[in-house]
Amino acid sequence: MSGVKSYKELLIWQKGIKIVVLVYKLTKDFPKDEIYALTSQLKRASVSVPSNIAEGFGRQTDKSFNHFLNIARGSLNEIETQLIIGKELGFITDDNLITEIMSLIEEESKMINAFAKNLK
């Protein structure tokens with residue numbers, strides 16, 4: 001990570017932020033009775049991705065960073081699962097937006113995998 005001064009410079013963090021923004025946009029149309037259930041879970045899982053990348057960066061050791069990257073990867077799987085549930089329940093009607101988020105999740109997962117391999 002030589003030359004990187006801030007986690008904000010990392011493309012994996014930037015893409016994580018984009019996922020958060022899109023998840024918030026998607027969940028604004030969820031039923032109001034889901035605000036403390038699936039809506040909340042999706043938002044927390046999405047926020048977890050860039051947050052764990054930032055925290056791992058701040059730990060300043062490759063081993064710790066890898067640990068937090070693993071958590072971020074797990075959160076991506078959680079988001080994907082929750083989006084599938086939301087779609088199955090009929091809460092998600094914007095096919096373009098869910099497709100965009102799913103694509104970003106796939107890209108982000110691959111990028112985190114590649115990034116983690118470079119840390120070892």
# chains A, B, ... in the order shown; residues from 1 in each chain; ligands from 1
$ residues_around --residues "stretch 82-94 of chain A" --least-positions-apart "2" --cutoff "8 Å" --atoms "only C-alpha atoms" --output "list in words"
Leu26, Asp29, Phe30, Pro31, Leu38, Gln41, Leu42, Glu78, Ile79, Glu80, Asn96, Leu97 and Ile98 of chain A
$ write_last_selection --atoms "C-alpha atoms" --output "PDB file, in the first residue's frame"
ATOM      1  CA  LEU A  26     -33.485   1.443  -3.545  1.00  0.00           C
ATOM      2  CA  ASP A  29     -39.491   2.704  -1.678  1.00  0.00           C
ATOM      3  CA  PHE A  30     -39.658  -0.326   0.642  1.00  0.00           C
ATOM      4  CA  PRO A  31     -42.840  -0.660   2.707  1.00  0.00           C
ATOM      5  CA  LEU A  38     -35.112  -5.686   5.850  1.00  0.00           C
ATOM      6  CA  GLN A  41     -30.509  -4.746   7.555  1.00  0.00           C
ATOM      7  CA  LEU A  42     -29.735  -3.710   3.973  1.00  0.00           C
ATOM      8  CA  GLU A  78     -25.331 -10.277   3.037  1.00  0.00           C
ATOM      9  CA  ILE A  79     -26.491  -7.397   0.795  1.00  0.00           C
ATOM     10  CA  GLU A  80     -26.861  -9.722  -2.172  1.00  0.00           C
ATOM     11  CA  ASN A  96     -32.362  -1.511 -13.491  1.00  0.00           C
ATOM     12  CA  LEU A  97     -31.314  -0.398 -10.033  1.00  0.00           C
ATOM     13  CA  ILE A  98     -31.114  -3.896  -8.554  1.00  0.00           C
TER      14      ILE A  98
END
$ residues_around --residues "A:Ala45" --least-positions-apart "5" --cutoff "12 Å" --atoms "only C-alpha atoms" --output "MDAnalysis selection string"
chainID A and resid 16:17 19:20 23:24 38:40 50:52 71:83 105
$ write_last_selection --atoms "N, CA and C atoms" --output "mmCIF file, in the first residue's frame"
data_model
loop_
_atom_site.group_PDB
_atom_site.id
_atom_site.type_symbol
_atom_site.label_atom_id
_atom_site.label_comp_id
_atom_site.auth_asym_id
_atom_site.auth_seq_id
_atom_site.Cartn_x
_atom_site.Cartn_y
_atom_site.Cartn_z
ATOM 1 N N GLY A 16 -17.497 0.923 -2.649
ATOM 2 C CA GLY A 16 -18.334 0.620 -1.503
ATOM 3 C C GLY A 16 -19.294 1.757 -1.190
ATOM 4 N N ILE A 17 -18.808 2.979 -1.267
ATOM 5 C CA ILE A 17 -19.658 4.154 -1.046
ATOM 6 C C ILE A 17 -20.772 4.200 -2.088
ATOM 7 N N ILE A 19 -22.149 1.708 -3.603
ATOM 8 C CA ILE A 19 -23.135 0.674 -3.244
ATOM 9 C C ILE A 19 -24.062 1.193 -2.146
ATOM 10 N N VAL A 20 -23.504 1.860 -1.143
ATOM 11 C CA VAL A 20 -24.311 2.418 -0.055
ATOM 12 C C VAL A 20 -25.366 3.378 -0.619
ATOM 13 N N VAL A 23 -28.088 1.493 -2.472
ATOM 14 C CA VAL A 23 -28.949 0.728 -1.566
ATOM 15 C C VAL A 23 -29.928 1.666 -0.863
ATOM 16 N N TYR A 24 -29.450 2.811 -0.405
ATOM 17 C CA TYR A 24 -30.345 3.781 0.229
ATOM 18 C C TYR A 24 -31.417 4.247 -0.755
ATOM 19 N N LEU A 38 -35.968 -5.535 7.032
ATOM 20 C CA LEU A 38 -35.112 -5.686 5.850
ATOM 21 C C LEU A 38 -34.460 -4.365 5.424
ATOM 22 N N THR A 39 -35.190 -3.274 5.505
ATOM 23 C CA THR A 39 -34.622 -1.972 5.127
ATOM 24 C C THR A 39 -33.397 -1.658 5.990
ATOM 25 N N SER A 40 -33.560 -1.815 7.283
ATOM 26 C CA SER A 40 -32.464 -1.539 8.217
ATOM 27 C C SER A 40 -31.286 -2.477 7.986
ATOM 28 N N PRO A 50 -17.772 -0.140 3.067
ATOM 29 C CA PRO A 50 -16.700 0.862 3.085
ATOM 30 C C PRO A 50 -16.186 1.151 4.497
ATOM 31 N N SER A 51 -17.042 0.971 5.509
ATOM 32 C CA SER A 51 -16.608 1.212 6.888
ATOM 33 C C SER A 51 -15.517 0.236 7.299
ATOM 34 N N ASN A 52 -15.671 -1.037 6.944
ATOM 35 C CA ASN A 52 -14.657 -2.031 7.286
ATOM 36 C C ASN A 52 -13.378 -1.839 6.481
ATOM 37 N N ILE A 71 -14.501 -9.193 6.408
ATOM 38 C CA ILE A 71 -15.794 -8.747 6.926
ATOM 39 C C ILE A 71 -16.559 -7.986 5.840
ATOM 40 N N ALA A 72 -15.870 -7.122 5.110
ATOM 41 C CA ALA A 72 -16.505 -6.366 4.019
ATOM 42 C C ALA A 72 -17.060 -7.318 2.962
ATOM 43 N N ARG A 73 -16.293 -8.356 2.646
ATOM 44 C CA ARG A 73 -16.749 -9.355 1.670
ATOM 45 C C ARG A 73 -18.003 -10.064 2.172
ATOM 46 N N GLY A 74 -18.016 -10.399 3.446
ATOM 47 C CA GLY A 74 -19.196 -11.029 4.035
ATOM 48 C C GLY A 74 -20.412 -10.115 3.952
ATOM 49 N N SER A 75 -20.197 -8.832 4.170
ATOM 50 C CA SER A 75 -21.300 -7.867 4.070
ATOM 51 C C SER A 75 -21.838 -7.789 2.644
ATOM 52 N N LEU A 76 -20.962 -7.921 1.668
ATOM 53 C CA LEU A 76 -21.425 -7.940 0.269
ATOM 54 C C LEU A 76 -22.352 -9.129 0.026
ATOM 55 N N ASN A 77 -21.991 -10.288 0.580
ATOM 56 C CA ASN A 77 -22.847 -11.471 0.445
ATOM 57 C C ASN A 77 -24.186 -11.254 1.151
ATOM 58 N N GLU A 78 -24.120 -10.576 2.283
ATOM 59 C CA GLU A 78 -25.331 -10.277 3.037
ATOM 60 C C GLU A 78 -26.254 -9.358 2.219
ATOM 61 N N ILE A 79 -25.696 -8.316 1.621
ATOM 62 C CA ILE A 79 -26.491 -7.397 0.795
ATOM 63 C C ILE A 79 -27.141 -8.153 -0.353
ATOM 64 N N GLU A 80 -26.345 -8.966 -1.029
ATOM 65 C CA GLU A 80 -26.861 -9.722 -2.172
ATOM 66 C C GLU A 80 -28.035 -10.607 -1.748
ATOM 67 N N THR A 81 -27.882 -11.311 -0.639
ATOM 68 C CA THR A 81 -28.946 -12.176 -0.134
ATOM 69 C C THR A 81 -30.190 -11.370 0.212
ATOM 70 N N GLN A 82 -30.004 -10.247 0.869
ATOM 71 C CA GLN A 82 -31.141 -9.418 1.257
ATOM 72 C C GLN A 82 -31.841 -8.803 0.052
ATOM 73 N N LEU A 83 -31.090 -8.477 -0.977
ATOM 74 C CA LEU A 83 -31.707 -7.973 -2.210
ATOM 75 C C LEU A 83 -32.558 -9.049 -2.879
ATOM 76 N N ILE A 105 -21.781 -5.199 -6.698
ATOM 77 C CA ILE A 105 -21.396 -6.152 -5.650
ATOM 78 C C ILE A 105 -20.409 -7.174 -6.213
#
$ atom_distance --atom1 "atom CA of A:Gln14" --atom2 "atom CA of A:Asn113"
15.6 Å
$ atom_distance --atom1 "atom CA of A:Tyr7" --atom2 "atom CA of A:Ala54"
5.5 Å
$ residues_around --residues "stretch 115-119 of chain A" --least-positions-apart "5" --cutoff "12 Å" --atoms "only C-alpha atoms" --output "list in words"
Met1, Ser2, Leu10, Leu11, Ile12, Trp13, Ile53, Gly56, Phe57, Gln60, Thr61, Asp62, Lys63, Ser64, Phe65, Asn66, His67, Phe68, Leu69, Asn70, Ile71, Ala72, Arg73, Glu108, Ser109 and Lys110 of chain A
$ select_by_dssp --residues "stretch 24-106 of chain A" --states "alpha helix (DSSP H)" --output "MDAnalysis selection string"
chainID A and resid 24:27 38:59 62:88 95:106
$ closest_residue --among "A:Leu22, A:Ile112, A:Leu104, A:Ser6" --to "A:Glu55" --atoms "only C-alpha atoms"
A:Ser6
